[in-house]
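Encoded as structure tokens, the structure appears first; notes follow it.
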Amino acid sequence: MDSSTSVALEPLLSFLAFSLSQIESGFYRIPGSAVVARYVKSSHQNDPGRTILELILVIFAIRTLLQSRTRTDRSGKHFIRFSEKEIDELVDEWVPEPLVQPLSEWEQKDLNSVPVIAGPNGPKPKLLATGKIVTNLASFNFAGLAGNEKVKERALETLQKYGLGSCGPPGFYGTIDVHLDLERDIAEFLGTEASILYSQGFSTISSVIPAFCKRGDIIVADRSVNFAIQKGILISRSTVRWFDHNDLKSLEDTLISVEKDRKKRKGPLTRRFIITEGIFERDGEMVDLPKLVELKLKYKYRLIMDESISFGTMGRTGRGLTELYNVPASQIDMLVGSVANGLCSAGGFCAGSAIVVDHQRINGTSFVFSASMPALLATSGSEAITLLRNNPSVLLNLQDNIRAIRAVLEKTEGITLLGHRASPIIHFCLRTQQQSLSVTQSTYDHEAEERILQDIVDDSVANGVLLTRAKHLRGQEMIESRPTIRIAASAALTRKEVEKAAGVVKASVTRILSKRR
Amino acid sequence: MLSLMTSNPPSPSPSIFKEKESLSQLPSMATAASYLSAVQQADSCAHTHDNPHAPLTPTFSISSSVTTSSEDSVDEDDDNNTCFVNPHTPPTSEQVFTTAHTEFGHCANEAYRCVSKHDYTKPFQEHTIEEPPCYVHFATYISFLILHMLGHLRDFFGKRFAKSHFTHLMPHNGYAPLNSSFDSFVLRRLKRRMDDCYAQPITGIPGRTVLVLDRYSPDYNHTQIYTGGNTRALNISSYNYLAFSQGRGSWADAVAESIRRYGVSSCGTRLDSGSNDLHVSAEALVAHFLGTEDALVCSMGFATNSTFIPGLAGKGTLIISDELNHTSMRVGIRQSGAEVRIFKHNNMSSLESLLREVIIQGQPKTHRAWKKILVIVEGLYSMEGTLLNLPKIVELKQKYKFYLYIDEAHSIGSLGSRGRGVTDYFNIPPGSIDVLMGTFSKGFGAAGGYISGPKTLIDALRLRSHSGPYAEAIAPSVITQVVVSMASIMGVAPAPQLTKSTLFPSFDSSIVAPKESAAEFPGMAPASMLPTWMNLCPSLTDGSEARTRMRRLAFNCRYLHVGLKKLGFIVYGHAPSPIVPLLIFNPGKLPLFVRMMRARPIPIAVVVVTYPATSFETGRVRLCPSASHTKEDIDIVLRACDEVGGILDMKHGSCERWGIDEVCERAVELVHSV
């Protein structure tokens with residue numbers, strides 16, 4: 001029995017021995033294999049247990065490598081197998097929801113009330129619906145550049161030479177010399193090393209943030225930042241700590257606690273960013289820039305500041321908060337602004353050091369993967385900068401008009417003016433019993449307030465003043481902000497026109513609110 | 001001269017240009033006199049032979065801004081290459097070209113036209129990934145290995161001995177490094193070596209040719225110094241597919257008028273006070289163009305995806321996305337908070353098996369059924385040149401009840417006999433697709449994008465997408481360009497029906513009136529949809545100009561695609577695609593290819609792409625022919641590729657090979673063989 005099996009196994013064994021020796025000699029023919037063999041032998045000699053451990057490790061490593069990178073549910077224990085027929089039946093049974101929920105009655109009304117302008121937008125546009133000419137307190141035309149003849153002329157010249165579309169992303173022959181000119185103009189205007197141009201204002205900061213903030217980095221941000229910043233933070237996957245709206249004391253506390261946390265965990269030094277706005281889009285508050293810069297330098301944070309509202313409106317020539325507070329723009333690591341709002345053209349920019357800007361040329365997603373801005377919009381921006389530089393009186397007009405509007409509205413019953421007194425956007429909300437603007441849902445009825453505000457807007461439009469509610473995306477925002485009406489001051493209107501328009505708004509507020517009581 | 005001082009990159013010195021110019025195979029017409037005599041000659045030739053194709057360019061297409069080609073290019077600096085200025089076949093006096101030859105090539109030969117339309121007698125040809133021989137892959141991997149090793153070595157020593165260059169990569173002064181040296185490795189150590197091939201600024205119009213600014217780098221691409229000069233190159237890289245982005249002509253005239261009337265900016269967002277009558281009428285026109293109920297426009301193409309997708313999907317929704325979808329869609333999907341699953345590129349069986357799995361398994365953890373499933377695909381993939389298998393996906397859609405979102409960024413305007421994108425190409429009713437998205441920055445020569453679908457959907461997006469309340473409205477000049485482009489593709493009613501058939505007697509009769517699907521694509525744009533101040537010239541209002549352009553584009557795409565294959569190259573994608581990716585593989589050959597094409601007697605501006613836009617091993621050059629190229633231009637490109645590709649050992653295709661002369665001669669036959 002024993003011998004017969006050994007006889008039967010003999011060819012098999014000899015084949016095994018042969019192939020083993022073949023593998024061995026083949027193995028030794030690989031350059032460097034002797035070193036490996038010596039290592040394995042000696043380690044086995046010292047500690048046979050270690051060989052087994054290492055073998056297990058190798059097998060585990062191979063298994064991990066072979067596993068697919070993407071998470072799949074197929075391997076999960078909850079995966080249930082079905083036959084083909086069952087699958088077909090289940091597929092037939094499945095009824096999806098409609099792609100979108102139809103608009104509610106209020107949403108439909110909201111949409112219908114959106115003003116449409118016939119012809120050019122400016123200080124005195126004509127409305128399509130009524131054909132009436134109204135005074136514009138809604139559109140972003142802060143420095144009165146809309147319809148400027150010089151800008152138009154420059155745009156026309158550019159059109160002749162460059163056509164309209166750039167027909168390519170910046171990396172692939174989509175960079176036109178006029179883009180470089182505008183980038184240089186902005187950088188020189190602000191006093192930074194360089195700047196980079198994005199083709200839409202809204203997509204600028206939501207692309208700048210994830211270019212620098214990565215997983216594991218720390219972002220300390222204002223609780224009430226605008227929607228674009230919220231989306232940028234979401235995309236970045238960084239750890240976020242929020243501080244109270246425009247409260248630098250709260251910011252400092254947060255910075256201290258972050259530092260404490262880090263010391264406690266003995267974690268490595270990670271990138272840390274403070275993200276806030278110059279003038280807040282939501283309520284017109286203004287940040288105390290010198291103090292902010294002091295905190296940033298003290299706690300060694302990098303500062304990303306959105307100047308979408310303040311660039312082109314604040315300071316003597318519209319350089320923004322840096323000019324107003326006389327803080328060098330180079331102190332702000334990433335200064336983001338809007339060419340669309342401030343320079344009345346289109347697009348946005350990020351100014352900073354050459355390293356910061358160059359990094360975005362590859363890592364700013366909406367820069368890299370999008371067609372560059374049409375040439376004529378870029379030259380219009382350049383022309384607007386020249387106009388701002390040469391006419392500082394324009395912004396004095398703007399400040400006069402802001403003061404005039406605030407003076408009238410402050411005396412109006414039933415509303416509360418928000419924001420900084422120099423802010424070119426002026427928000428007001430309905431005054432309630434509690435003066436605190438707490439944002440919890442229970443203290444006020446959101447939709448009811450929206451309806452009242454919309455009535456005010458409609459009434460004042462009927463009386464010749466274009467107003468708008470501040471529109472938000474309910475349900476998608478991080479915090480629900482109080483419904484407000486947003487007035488955008490413009491230097492293009494005379495003081496008299498502004499006072500008259502503010503008077504109309506005041507009358508509308510009084511009329512609508514008295515009806516309600 | 002400055003370019004001589006730099007060793008890297010090797011840019012051509014002017015003297016080389018002059019020397020090689022004489023070798024150029026194209027007839028060079030150095031003086032105006034010789035050009036004129038050539039015109040005379042061509043004229044008499046056309047008369048004696050009674051060429052049926054000769055007097056085809058409509059004589060009434062003279063717009064207010066007629067320029068002859070020779071005049072135009074004199075004011076722009078050109079030193080080189082008369083072939084950019086003077087057409088290969090000089091026009092006869094009966095042919096009137098309203099464009100500058102440098103901007104839009106003159107081509108009167110009706111044989112060089114083709115109709116972009118799917119042939120249902122043949123099955124949909126799945127795109128094949130042709131593999132090169134093993135050694136190519138091996139060399140590619142080795143190249144990357146060497147590049148990586150060198151890069152890491154330089155980082156290792158640099159961080160120790162040249163700290164000043166690494167401050168932003170190392171902690172200093174209590175700040176963490178601005179960029180992680182690992183994250184930026186590819187950028188610093190691989191891309192920087194070929195930075196001279198990217199982001200080269202241009203000036204003027206990116207039409208048939210483009211003026212690139214000359215630059216050189218004294219420090220291995222860390223800084224670029226502009227010499228102040230520029231070089232005219234044949235432009236085979238811009239997305240100006242139909243060449244509507246022009247400085248003169250009807251398109252530009254209308255845009256100029258809108259700037260005069262509306263100014264530059266819309267001054268606000270769509271929902272608060274940036275909407276104007278142009279936006280409203282343009283949206284109606286876009287919907288009419290696409291054959292859908294309603295449409296919404298956005299001021300940036302990228303943002304069209306990234307801000308509208310979150311308005312469509314949320315928690316409880318499953319998004320199924322093609323693995324090669326564009327970044328804008330990925331950003332939009334991530335912002336939406338919906339679950340995502342990926343299927344293999346354009347692989348319908350992979351999609352089907354995924355659908356069968358997800359529908360029955362439901363949401364992870366809870367196993368509740370998905371509220372809805374949204375499949376997001378592209379009509380034409382921008383890196384691969386592959387066409388979506390639309391007939392199959394529509395079939396799947398009926399069975400599995402998912403919603404279909406098609407991004408037509410590259411296909412709209414450039415595909416289909418009526419320029420309506422993939423739906424037109426496959427002749428599938430656009431109403432059967434839930435969401436059609438596209439951009440204006442490619443085919444239409446403008447900027448921005450649209451999304452279209454049923455009215456309820458678009459109204460919801462107006463209010464609930466990020467763009468509505470927060471993003472600036474599209475500028476009046478840009479939307480005007482869109483309106484003119486779309487109107488010129490559709491034609492404007494009422495228009496004399498007769499002129500059309502008399503214009504294209506022989507070639508065109510089959511596509512002038514597509515009877516079988518007249519109901520799906522509304523025909524001409526009613527004049528009421530256009531602004532009253534817009535005066536379009538007759539060749540635009542009857543749609544003949546745009547139709548010619550679409551047919552020229554279709555010819556050029558096919559010719560280039562098939563031509564390259566016949567020359568032995570590996571080309572990805574489908575032949576009708578206006579994106580022709582020519583595979584190079586090896587990272588070292590990518591910058592070489594660009595520099596060699598640029599240094600040719602007739603410089604050619606090309607774009608190479610590699611990681612991260614594609615996978616590591618499939619580096620490629622992406623050629624984008626446009627309607628503005630003539631057949632001779634494509635010949636030039638083919639000839640250049642043939643020579644450079646031969647030197648760089650790029651010909652690994654398995655297709656039957658022809659010589660370059662045979663390819664050029666039998667171009668028409670090749671195109672119709674597709």
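Ordering of the structure tokens sets the chain letters (A, B, ...); residue numbers start at 1 within each chain; ligands are numbered from 1 in the order shown.
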
Would you return as a VMD selection string the members of region 553-608 of chain B that DSSP assigns to helix (DSSP H, G or I) on this structure's backbone? chain B and resid 553 to 566 589 to 598

For the selection you just gave me, I'd like the residues written to a file as an mmCIF file, in the first residue's frame, keeping N, CA and C atoms.
```cif
data_model
loop_
_atom_site.group_PDB
_atom_site.id
_atom_site.type_symbol
_atom_site.label_atom_id
_atom_site.label_comp_id
_atom_site.auth_asym_id
_atom_site.auth_seq_id
_atom_site.Cartn_x
_atom_site.Cartn_y
_atom_site.Cartn_z
ATOM 1 N N LEU B 553 -17.296 71.418 -41.768
ATOM 2 C CA LEU B 553 -16.775 70.857 -40.521
ATOM 3 C C LEU B 553 -16.856 69.334 -40.558
ATOM 4 N N ALA B 554 -18.008 68.820 -40.984
ATOM 5 C CA ALA B 554 -18.195 67.373 -41.016
ATOM 6 C C ALA B 554 -17.162 66.718 -41.929
ATOM 7 N N PHE B 555 -16.898 67.374 -43.040
ATOM 8 C CA PHE B 555 -15.896 66.825 -43.960
ATOM 9 C C PHE B 555 -14.520 66.817 -43.302
ATOM 10 N N ASN B 556 -14.148 67.961 -42.723
ATOM 11 C CA ASN B 556 -12.816 68.091 -42.143
ATOM 12 C C ASN B 556 -12.569 67.078 -41.023
ATOM 13 N N CYS B 557 -13.587 66.892 -40.162
ATOM 14 C CA CYS B 557 -13.437 65.959 -39.044
ATOM 15 C C CYS B 557 -13.152 64.561 -39.564
ATOM 16 N N ARG B 558 -14.008 64.143 -40.502
ATOM 17 C CA ARG B 558 -13.864 62.785 -41.020
ATOM 18 C C ARG B 558 -12.544 62.597 -41.748
ATOM 19 N N TYR B 559 -12.222 63.598 -42.550
ATOM 20 C CA TYR B 559 -10.996 63.496 -43.340
ATOM 21 C C TYR B 559 -9.787 63.376 -42.411
ATOM 22 N N LEU B 560 -9.737 64.228 -41.405
ATOM 23 C CA LEU B 560 -8.587 64.197 -40.499
ATOM 24 C C LEU B 560 -8.525 62.867 -39.745
ATOM 25 N N HIS B 561 -9.671 62.445 -39.258
ATOM 26 C CA HIS B 561 -9.719 61.204 -38.482
ATOM 27 C C HIS B 561 -9.272 60.001 -39.316
ATOM 28 N N VAL B 562 -9.917 59.846 -40.450
ATOM 29 C CA VAL B 562 -9.605 58.679 -41.276
ATOM 30 C C VAL B 562 -8.216 58.799 -41.886
ATOM 31 N N GLY B 563 -7.847 60.035 -42.255
ATOM 32 C CA GLY B 563 -6.526 60.264 -42.826
ATOM 33 C C GLY B 563 -5.425 59.834 -41.861
ATOM 34 N N LEU B 564 -5.557 60.236 -40.622
ATOM 35 C CA LEU B 564 -4.541 59.866 -39.634
ATOM 36 C C LEU B 564 -4.477 58.352 -39.460
ATOM 37 N N LYS B 565 -5.641 57.733 -39.474
ATOM 38 C CA LYS B 565 -5.665 56.276 -39.329
ATOM 39 C C LYS B 565 -4.949 55.613 -40.494
ATOM 40 N N LYS B 566 -5.223 56.131 -41.681
ATOM 41 C CA LYS B 566 -4.600 55.551 -42.873
ATOM 42 C C LYS B 566 -3.087 55.757 -42.856
ATOM 43 N N LYS B 589 7.619 62.408 -25.643
ATOM 44 C CA LYS B 589 7.324 62.807 -27.022
ATOM 45 C C LYS B 589 6.297 63.929 -27.083
ATOM 46 N N LEU B 590 5.543 64.123 -25.989
ATOM 47 C CA LEU B 590 4.479 65.128 -26.027
ATOM 48 C C LEU B 590 5.036 66.523 -26.316
ATOM 49 N N PRO B 591 5.975 67.015 -25.476
ATOM 50 C CA PRO B 591 6.486 68.359 -25.769
ATOM 51 C C PRO B 591 7.235 68.408 -27.095
ATOM 52 N N LEU B 592 7.895 67.303 -27.438
ATOM 53 C CA LEU B 592 8.617 67.257 -28.718
ATOM 54 C C LEU B 592 7.659 67.468 -29.881
ATOM 55 N N PHE B 593 6.535 66.794 -29.793
ATOM 56 C CA PHE B 593 5.548 66.890 -30.866
ATOM 57 C C PHE B 593 5.100 68.340 -31.029
ATOM 58 N N VAL B 594 4.757 68.982 -29.903
ATOM 59 C CA VAL B 594 4.289 70.369 -29.966
ATOM 60 C C VAL B 594 5.371 71.257 -30.564
ATOM 61 N N ARG B 595 6.607 71.088 -30.085
ATOM 62 C CA ARG B 595 7.677 71.971 -30.552
ATOM 63 C C ARG B 595 7.983 71.722 -32.029
ATOM 64 N N MET B 596 7.928 70.468 -32.438
ATOM 65 C CA MET B 596 8.221 70.185 -33.842
ATOM 66 C C MET B 596 7.135 70.717 -34.762
ATOM 67 N N MET B 597 5.894 70.630 -34.298
ATOM 68 C CA MET B 597 4.805 71.164 -35.115
ATOM 69 C C MET B 597 4.915 72.679 -35.193
ATOM 70 N N ARG B 598 5.363 73.288 -34.120
ATOM 71 C CA ARG B 598 5.481 74.733 -34.083
ATOM 72 C C ARG B 598 6.655 75.198 -34.942
#
```

Non-local contacts of region 361-368 of chain A (8 Å; only C-alpha atoms; under 6 positions in same chain excluded) as a ChimeraX atom specification: /A:169-171,196-199,203-204,207-208,210-211 /B:187,302-303,327-328

Surrounding residues of Ser224 (chain A) excluding itself and chain neighbours under 3 positions, 8 Å, only C-alpha atoms, as a ChimeraX atom specification: /A:244-245,280,282,479

If we count only C-alpha atoms and set the cut-off at 7 Å, which residues sit around Leu409 (chain A), ignoring sequence neighbours fewer than 3 positions away in its own chain? Please answer as a VMD selection string. chain A and resid 405 to 406 412 502 506

Could you tell me how far CA of Ile332 (chain A) lies from CA of Cys213 (chain A), in Å and to one decimal?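 For CA of Ile332 (chain A) relative to CA of Cys213 (chain A), the distance reads 15.7 Å.
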
At a cut-off of 7 Å, using only C-alpha atoms, what residues contact region 268-280 of chain B? Leave out same-chain residues fewer than 4 positions from it and give the result as a list in words. Val114, Pro115, Val116, Ile117, Ala118, Gly119, Leu128, Ala138, Ser139, Phe140 and Thr468 of chain A; Ala284, Gly468, Pro469, Tyr470, Ala471, Glu472, Ala473 and Pro476 of chain B

Residue neighbourhood region 290-300 of chain B, 6 Å, only C-alpha atoms, exclusion window fewer than 4 positions, as a list of chain:residue names: B:Glu283, B:Thr304, B:Gly448, B:Gly449, B:Tyr450, B:Ile451, B:Ser452, B:Gly453, B:Pro454, B:Lys455, B:Ala473, B:Ile474, B:Phe521

Can you spit out the residues from that selection as a PDB file, in the first residue's frame, using N, CA and C atoms?
```pdb
ATOM      1  N   GLU B 283     -33.685  82.731 -24.472  1.00  0.00           N
ATOM      2  CA  GLU B 283     -34.057  81.446 -23.885  1.00  0.00           C
ATOM      3  C   GLU B 283     -35.145  80.773 -24.712  1.00  0.00           C
ATOM      4  N   THR B 304     -22.694  76.015 -15.568  1.00  0.00           N
ATOM      5  CA  THR B 304     -23.977  75.454 -15.979  1.00  0.00           C
ATOM      6  C   THR B 304     -24.128  74.067 -15.363  1.00  0.00           C
ATOM      7  N   GLY B 448     -20.541  80.820 -21.975  1.00  0.00           N
ATOM      8  CA  GLY B 448     -21.681  80.462 -21.149  1.00  0.00           C
ATOM      9  C   GLY B 448     -22.292  79.135 -21.565  1.00  0.00           C
ATOM     10  N   GLY B 449     -23.465  78.856 -21.047  1.00  0.00           N
ATOM     11  CA  GLY B 449     -24.099  77.580 -21.357  1.00  0.00           C
ATOM     12  C   GLY B 449     -25.603  77.653 -21.174  1.00  0.00           C
ATOM     13  N   TYR B 450     -26.273  76.573 -21.542  1.00  0.00           N
ATOM     14  CA  TYR B 450     -27.725  76.514 -21.374  1.00  0.00           C
ATOM     15  C   TYR B 450     -28.096  75.178 -20.768  1.00  0.00           C
ATOM     16  N   ILE B 451     -29.294  75.136 -20.233  1.00  0.00           N
ATOM     17  CA  ILE B 451     -29.866  73.852 -19.837  1.00  0.00           C
ATOM     18  C   ILE B 451     -31.302  73.891 -20.316  1.00  0.00           C
ATOM     19  N   SER B 452     -31.797  72.782 -20.849  1.00  0.00           N
ATOM     20  CA  SER B 452     -33.154  72.867 -21.371  1.00  0.00           C
ATOM     21  C   SER B 452     -33.906  71.584 -21.111  1.00  0.00           C
ATOM     22  N   GLY B 453     -35.202  71.697 -21.091  1.00  0.00           N
ATOM     23  CA  GLY B 453     -36.068  70.564 -20.804  1.00  0.00           C
ATOM     24  C   GLY B 453     -37.494  71.038 -20.681  1.00  0.00           C
ATOM     25  N   PRO B 454     -38.343  70.248 -20.003  1.00  0.00           N
ATOM     26  CA  PRO B 454     -39.730  70.669 -19.827  1.00  0.00           C
ATOM     27  C   PRO B 454     -39.827  71.953 -18.999  1.00  0.00           C
ATOM     28  N   LYS B 455     -40.928  72.670 -19.178  1.00  0.00           N
ATOM     29  CA  LYS B 455     -41.049  73.972 -18.527  1.00  0.00           C
ATOM     30  C   LYS B 455     -41.022  73.868 -17.009  1.00  0.00           C
ATOM     31  N   ALA B 473     -25.742  87.568 -14.461  1.00  0.00           N
ATOM     32  CA  ALA B 473     -26.443  87.175 -15.684  1.00  0.00           C
ATOM     33  C   ALA B 473     -25.493  87.279 -16.869  1.00  0.00           C
ATOM     34  N   ILE B 474     -25.783  86.526 -17.901  1.00  0.00           N
ATOM     35  CA  ILE B 474     -24.923  86.515 -19.092  1.00  0.00           C
ATOM     36  C   ILE B 474     -24.941  87.912 -19.748  1.00  0.00           C
ATOM     37  N   PHE B 521     -37.522  68.766 -34.803  1.00  0.00           N
ATOM     38  CA  PHE B 521     -36.755  69.983 -34.705  1.00  0.00           C
ATOM     39  C   PHE B 521     -37.519  71.088 -35.400  1.00  0.00           C
TER      40      PHE B 521
END
```

Show me, as a list in words, the residues that have an atom within 6 Å of Lys372 (chain B) when counting only C-alpha atoms, minus same-chain residues fewer than 2 positions from it.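 Contacts, in chain order: Pro96 and Glu97 of chain A; Thr317 and Trp370 of chain B.
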
Based on the selection just made, write all heavy atoms of those residues as a JSON list (two decimals), in the first residue's frame.
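Contents of part18.json, freshly written:
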```json
[["chain", "number", "residue", "atom", "x", "y", "z"],
["A", 96, "PRO", "N", -40.08, 55.91, -10.14],
["A", 96, "PRO", "CA", -39.31, 57.04, -9.61],
["A", 96, "PRO", "C", -40.19, 58.27, -9.39],
["A", 96, "PRO", "O", -41.25, 58.41, -10.00],
["A", 96, "PRO", "CB", -38.28, 57.30, -10.71],
["A", 96, "PRO", "CG", -38.92, 56.83, -11.95],
["A", 96, "PRO", "CD", -39.85, 55.71, -11.58],
["A", 97, "GLU", "N", -39.69, 59.15, -8.51],
["A", 97, "GLU", "CA", -40.35, 60.44, -8.33],
["A", 97, "GLU", "C", -40.09, 61.30, -9.56],
["A", 97, "GLU", "O", -39.16, 61.05, -10.30],
["A", 97, "GLU", "CB", -39.74, 61.15, -7.12],
["A", 97, "GLU", "CG", -40.22, 60.64, -5.80],
["A", 97, "GLU", "CD", -39.57, 61.41, -4.64],
["A", 97, "GLU", "OE1", -38.91, 62.43, -4.91],
["A", 97, "GLU", "OE2", -39.75, 60.97, -3.51],
["B", 317, "THR", "N", -31.32, 60.65, -4.09],
["B", 317, "THR", "CA", -31.20, 60.51, -5.54],
["B", 317, "THR", "C", -29.90, 59.78, -5.83],
["B", 317, "THR", "O", -28.91, 59.98, -5.14],
["B", 317, "THR", "CB", -31.11, 61.89, -6.21],
["B", 317, "THR", "OG1", -32.16, 62.69, -5.73],
["B", 317, "THR", "CG2", -31.19, 61.78, -7.71],
["B", 370, "TRP", "N", -34.56, 54.01, -4.40],
["B", 370, "TRP", "CA", -34.09, 55.34, -4.76],
["B", 370, "TRP", "C", -35.28, 56.19, -5.15],
["B", 370, "TRP", "O", -36.21, 55.71, -5.81],
["B", 370, "TRP", "CB", -33.13, 55.27, -5.95],
["B", 370, "TRP", "CG", -31.85, 54.59, -5.63],
["B", 370, "TRP", "CD1", -31.47, 53.33, -6.00],
["B", 370, "TRP", "CD2", -30.76, 55.12, -4.87],
["B", 370, "TRP", "NE1", -30.22, 53.05, -5.51],
["B", 370, "TRP", "CE2", -29.76, 54.13, -4.81],
["B", 370, "TRP", "CE3", -30.55, 56.34, -4.22],
["B", 370, "TRP", "CZ2", -28.56, 54.31, -4.13],
["B", 370, "TRP", "CZ3", -29.36, 56.53, -3.55],
["B", 370, "TRP", "CH2", -28.37, 55.52, -3.51]]
```

Pick from A:Thr254, A:Ser195, A:Ser310, A:Asn112: nearest to chain B, with only C-alpha atoms counted?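 When distances to chain B are compared using only C-alpha atoms, the smallest one comes from A:Asn112.
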
Which one of B:Arg341, B:His106, B:His88, B:Arg189 sits closest to chain A if you count only C-alpha atoms?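 Result for the nearest residue to chain A: B:Arg341.
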
Got a sec to tell me which of region 104-345 of chain B DSSP assigns to strand (DSSP E or B), as a PyMOL selection string? chain B and resi 172+175+202-203+209-216+225-235+269+276+294-298+317-322+339-343

Out of B:Gly653, B:Pro603, B:Gly301, B:Gly385, which residue has the shortest atom-to-atom distance to chain A when counting only C-alpha atoms?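 Answer, going by the shortest atom-to-atom distance: B:Gly301.
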
Which of B:Pro171, B:Tyr120, B:Phe308, B:Val422 sits closest to Ile458 (chain B) [using only C-alpha atoms]: B:Phe308

Kindly indicate which residue among A:Ala407, A:Leu289, A:Ile80, A:Cys167 lies nearest to Ala375 (chain A), using only C-alpha atoms for the distances. A:Cys167

What does the distance from CA of Ala351 (chain A) to CA of Ser166 (chain A) come to in Å, to one decimal? 22.3 Å

Residue with smallest distance to Val671 (chain B) - pool B:Arg620, B:Arg552, B:Lys399, B:Arg356, counting only C-alpha atoms: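 Closest residue, counting only C-alpha atoms: B:Arg552.
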